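A.B. asks: This is the structure I want to talk about, given as structure tokens.
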Amino acid sequence: MWKHAIEDAMMKIRNNVERFGDRFPHVSENGKYELNNNEDWTNGFWSGMLWLSYEYSGDEFYREAARRTVESFKRRMEQHIVLDHHDIGFLYTLSSQAQWIVERNEEAKQLTLQAADVLMRRWREKGEYIQAWGLPDNAQHGGRMIIDCLLNLPLLFWAYEQTGNERYREIAIKQADQSRRYLVRGDDSSYHTFVFNTETGEPLGGATHQGYTNGSTWARGQAWGVYGFTLAYRYTRNPLYLDTAKRMANYFLEQLPEDHVAYWDFNAPVDVNTYRDSSASAIVAAGLIELIGHLDDSDPDRAEYEEKLKLSMTSLVDNYSTIGEDDAEGLLKHGSYYVRGGVAPDDYMIWGDYYYLEALMRMDKGIKGYWYEL
Ligand code: GLY
């Protein structure tokens, strides 16, 4: 079953390389991906899908396309195009770091280290957090940290491993600790963002950006927490991170409806029109595979995670994928980007496609993705 889903996905990725040329997919509108010239936070996912497809198949077609994306990321770095945000790991872990992991390309490694330095510049000593968006004096976002940033910390942990410079690791650990403290709530649900006073560093309170309300649990934010804390555990072996990842996973899994795929926000009222976020479930599926790998056979949660992973992936393949729709551009339907803002509330999301493919390939062939080196 996973093989068939992968083959279908790779056929679509091949068609998309022809369709998209050197442009990058973001989210869809009316079934067509919006394309850009590598100037959004999501461009690394397309690169990562091409690297995964190459690793899975050994087909040079995907490798050549993946290499071209890294050339684009090099230009983006040289010209500092839309890099004043925390998503630097999403961009460079899945593009140049992937190339380093797959091919041991030295230039790709140096580019990835440059990216880690760009991310480090977002550390704010007052308050101790990585600023999510904009420059320090940004009126709206100056004091804001965000749960999504947990997936950008592997870039810093990796940079520490490559250079021995402790500062990368220290900042990654502090950001993970601050995320535990301020973004994860006592009942294991989460805030999307948390705001600090930029002058004093005083913690002010949790707030949402894409969720239903400030105090609600945005499904994708919770998903970033599940995978992000698991990866923080892999790099540090701090059991608190593993515990947090498990608690957040339990919360996520307990909220799922009958078909095992998340609604976009766990506090949004549910009726027949409530949007799903298939991308959140794809992120959690990939995260659960990593999480399960860290649990002993005797761990009471392990069997349950295995069961839930299977149920969720089966539902994504059977009910949400575009298998059988040969001309479709996306792999997963019914993702939501920003429901309250009316932006792509029920569409393809390139990160949904990426995590779906990563999860499938991990399950089928043990290809692990690019968040760490073995
Ligand atoms: N990191 C932005 C999002 O998940 O929509």
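The way I read the labels, and the way they are meant: chains A, B, ... in the order of the structure tokens, residue 1 as the first residue of every chain, and ligand 1 as the first ligand shown, with later ones counted on from there.
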Can you tell me which residues come within 8 Å of ligand 1 when counting only C-alpha atoms and all ligand atoms, ideally as a list in words?

C.D. replies: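 With only C-alpha atoms and all ligand atoms and a cut-off of 8 Å, ligand 1 is contacted by Trp41, Asp87, Asp148, Cys149, Gln210, Arg220, Gly221, Trp224, Tyr337 and Tyr338 of chain A.
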
A.B. asks: DSSP on the backbone, then: every residue of range 205-370 of chain A marked helix (DSSP H, G or I), written as a PyMOL selection string.

C.D. replies: chain A and resi 219-236+239-254+278-292+302-320+350-365

A.B. asks: Return as a Markdown table the residues of range 72-131 of chain A lying at most 12 Å from range 174-184 of chain A, together with the closest atom-to-atom pair for each and the distance in Å to one decimal, counting only C-alpha atoms, with rows in chain order and ascending residue number.

C.D. replies:
| residue | atom | partner | partner_atom | distance |
| --- | --- | --- | --- | --- |
| A:His86 | CA | A:Gln175 | CA | 11.7 |
| A:Leu119 | CA | A:Gln175 | CA | 11.9 |
| A:Met120 | CA | A:Gln175 | CA | 11.0 |
| A:Arg122 | CA | A:Gln175 | CA | 11.1 |
| A:Trp123 | CA | A:Gln175 | CA | 8.8 |
| A:Arg124 | CA | A:Gln175 | CA | 10.2 |
| A:Glu125 | CA | A:Lys174 | CA | 10.5 |
| A:Gly127 | CA | A:Gln178 | CA | 9.2 |
| A:Glu128 | CA | A:Lys174 | CA | 7.2 |
| A:Tyr129 | CA | A:Gln175 | CA | 5.6 |
| A:Ile130 | CA | A:Gln175 | CA | 6.6 |
| A:Gln131 | CA | A:Gln175 | CA | 10.0 |

A.B. asks: Keeping only C-alpha atoms, write the selected residues as a short mmCIF file (atom, residue, chain, number, x, y, z; two decimals), in the first residue's frame.

C.D. replies:
data_model
loop_
_atom_site.label_atom_id
_atom_site.label_comp_id
_atom_site.auth_asym_id
_atom_site.auth_seq_id
_atom_site.Cartn_x
_atom_site.Cartn_y
_atom_site.Cartn_z
CA HIS A 86 12.80 32.07 11.70
CA LEU A 119 19.04 32.00 12.11
CA MET A 120 21.37 32.75 15.05
CA ARG A 122 17.36 36.17 15.41
CA TRP A 123 18.24 35.32 19.04
CA ARG A 124 17.00 37.96 21.45
CA GLU A 125 18.93 38.02 24.71
CA GLY A 127 13.50 37.39 26.98
CA GLU A 128 15.71 34.65 25.50
CA TYR A 129 13.90 33.55 22.38
CA ILE A 130 14.34 33.34 18.62
CA GLN A 131 12.18 36.06 17.09
#

A.B. asks: Which residue, A:Met11, A:Val261, A:Leu156, A:Leu83, has the smallest gap to Leu135 in chain A when you use only C-alpha atoms?

C.D. replies: A:Leu83

A.B. asks: From the list A:Thr244, A:Ser336, A:Thr274, A:Thr314, which residue is nearest Met363 in chain A when using only C-alpha atoms?

C.D. replies: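 The shortest atom-to-atom distance to Met363 in chain A comes from A:Thr314.
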
A.B. asks: Compile the contact shell of Leu309 in chain A as a PyMOL selection string: residues with an atom at most 10 Å away, counting only C-alpha atoms, same-chain residues fewer than 4 positions apart removed.

C.D. replies: chain A and resi 253+260+281-282+284-289+292+303-305+313-315+359

A.B. asks: Go ahead and dump the residues you just picked, N, CA and C atoms, as a CSV table (one decimal), in the first residue's frame.

C.D. replies:
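In the end it all went to result-v7.csv:
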chain,number,residue,atom,x,y,z
A,253,LEU,N,-3.5,13.2,19.4
A,253,LEU,CA,-4.2,11.9,19.0
A,253,LEU,C,-5.6,11.8,19.7
A,260,HIS,N,-9.4,10.0,11.8
A,260,HIS,CA,-8.0,10.0,12.3
A,260,HIS,C,-7.2,11.1,11.6
A,281,SER,N,-1.7,16.4,10.2
A,281,SER,CA,-1.7,15.0,10.5
A,281,SER,C,-0.4,14.3,9.8
A,282,ALA,N,-0.1,14.9,8.6
A,282,ALA,CA,1.1,14.3,8.0
A,282,ALA,C,2.4,14.6,8.8
A,284,VAL,N,2.5,15.0,12.0
A,284,VAL,CA,2.5,14.1,13.2
A,284,VAL,C,2.9,12.7,12.8
A,285,ALA,N,2.4,12.3,11.7
A,285,ALA,CA,2.8,10.9,11.2
A,285,ALA,C,4.3,10.8,11.1
A,286,ALA,N,4.9,11.7,10.4
A,286,ALA,CA,6.4,11.7,10.3
A,286,ALA,C,7.0,11.8,11.7
A,287,GLY,N,6.5,12.7,12.6
A,287,GLY,CA,7.0,12.8,13.9
A,287,GLY,C,6.9,11.5,14.8
A,288,LEU,N,5.7,10.9,14.6
A,288,LEU,CA,5.5,9.6,15.4
A,288,LEU,C,6.5,8.5,15.0
A,289,ILE,N,6.8,8.5,13.7
A,289,ILE,CA,7.8,7.5,13.3
A,289,ILE,C,9.1,7.7,14.0
A,292,ILE,N,8.6,6.9,17.8
A,292,ILE,CA,8.5,5.5,18.1
A,292,ILE,C,10.0,4.9,18.2
A,303,ALA,N,3.0,0.8,21.4
A,303,ALA,CA,2.0,0.1,20.6
A,303,ALA,C,0.9,1.0,20.2
A,304,GLU,N,0.5,1.9,21.1
A,304,GLU,CA,-0.6,2.8,20.7
A,304,GLU,C,-0.2,3.8,19.6
A,305,TYR,N,1.1,4.3,19.7
A,305,TYR,CA,1.5,5.2,18.6
A,305,TYR,C,1.6,4.4,17.3
A,313,MET,N,-2.1,7.3,8.7
A,313,MET,CA,-1.5,7.2,7.3
A,313,MET,C,-2.5,6.5,6.4
A,314,THR,N,-3.2,5.5,6.8
A,314,THR,CA,-4.1,4.8,6.0
A,314,THR,C,-5.2,5.7,5.5
A,315,SER,N,-5.7,6.6,6.5
A,315,SER,CA,-6.7,7.5,6.2
A,315,SER,C,-6.2,8.6,5.2
A,359,ALA,N,6.9,10.5,5.5
A,359,ALA,CA,6.4,9.5,6.3
A,359,ALA,C,6.3,8.2,5.5

A.B. asks: I want to know what sits within 10 Å of Leu204 in chain A, based on only C-alpha atoms, with residues of the same chain fewer than 4 positions away left out; could you give that as a list of chain:residue names?

C.D. replies: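 My reading of the contact set: A:Gly143, A:Arg144, A:Tyr182, A:Phe194, A:Val195, A:Phe196, A:Asn197.
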
A.B. asks: Using only C-alpha atoms, which protein or nucleic acid residues come within 9 Å of Ala115 in chain A? Drop anything in the same chain fewer than 2 positions from it, and give the result as an NGL selection string.

C.D. replies: :A and (77 or 88-89 or 91-93 or 110-113 or 117-120 or 155)

A.B. asks: So the first atom is CA of Arg76 in chain A and the second is CA of Asn37 in chain A; what is the distance between them in Å, to one decimal place?

C.D. replies: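 These two atoms are separated by 9.5 Å.
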
A.B. asks: For Asn16 in chain A, which residue out of A:Glu170, A:Glu306, A:Asp327, A:Glu202 is the nearest one, using only C-alpha atoms?

C.D. replies: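 Result for the nearest residue to Asn16 in chain A: A:Asp327.
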
A.B. asks: Here is a test: counting only C-alpha atoms, which residue of A:Asp137, A:Glu329, A:Glu7, A:Glu161 is nearest to Thr236 in chain A?

C.D. replies: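 Among the listed residues, A:Glu161 lies closest to Thr236 in chain A.
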
A.B. asks: Contacts of Asp243 in chain A at 10 Å or less, counting only C-alpha atoms, minus same-chain residues fewer than 5 places along, as JSON, numbers by chain?

C.D. replies: {"A": [229, 230, 233, 238, 248, 249]}
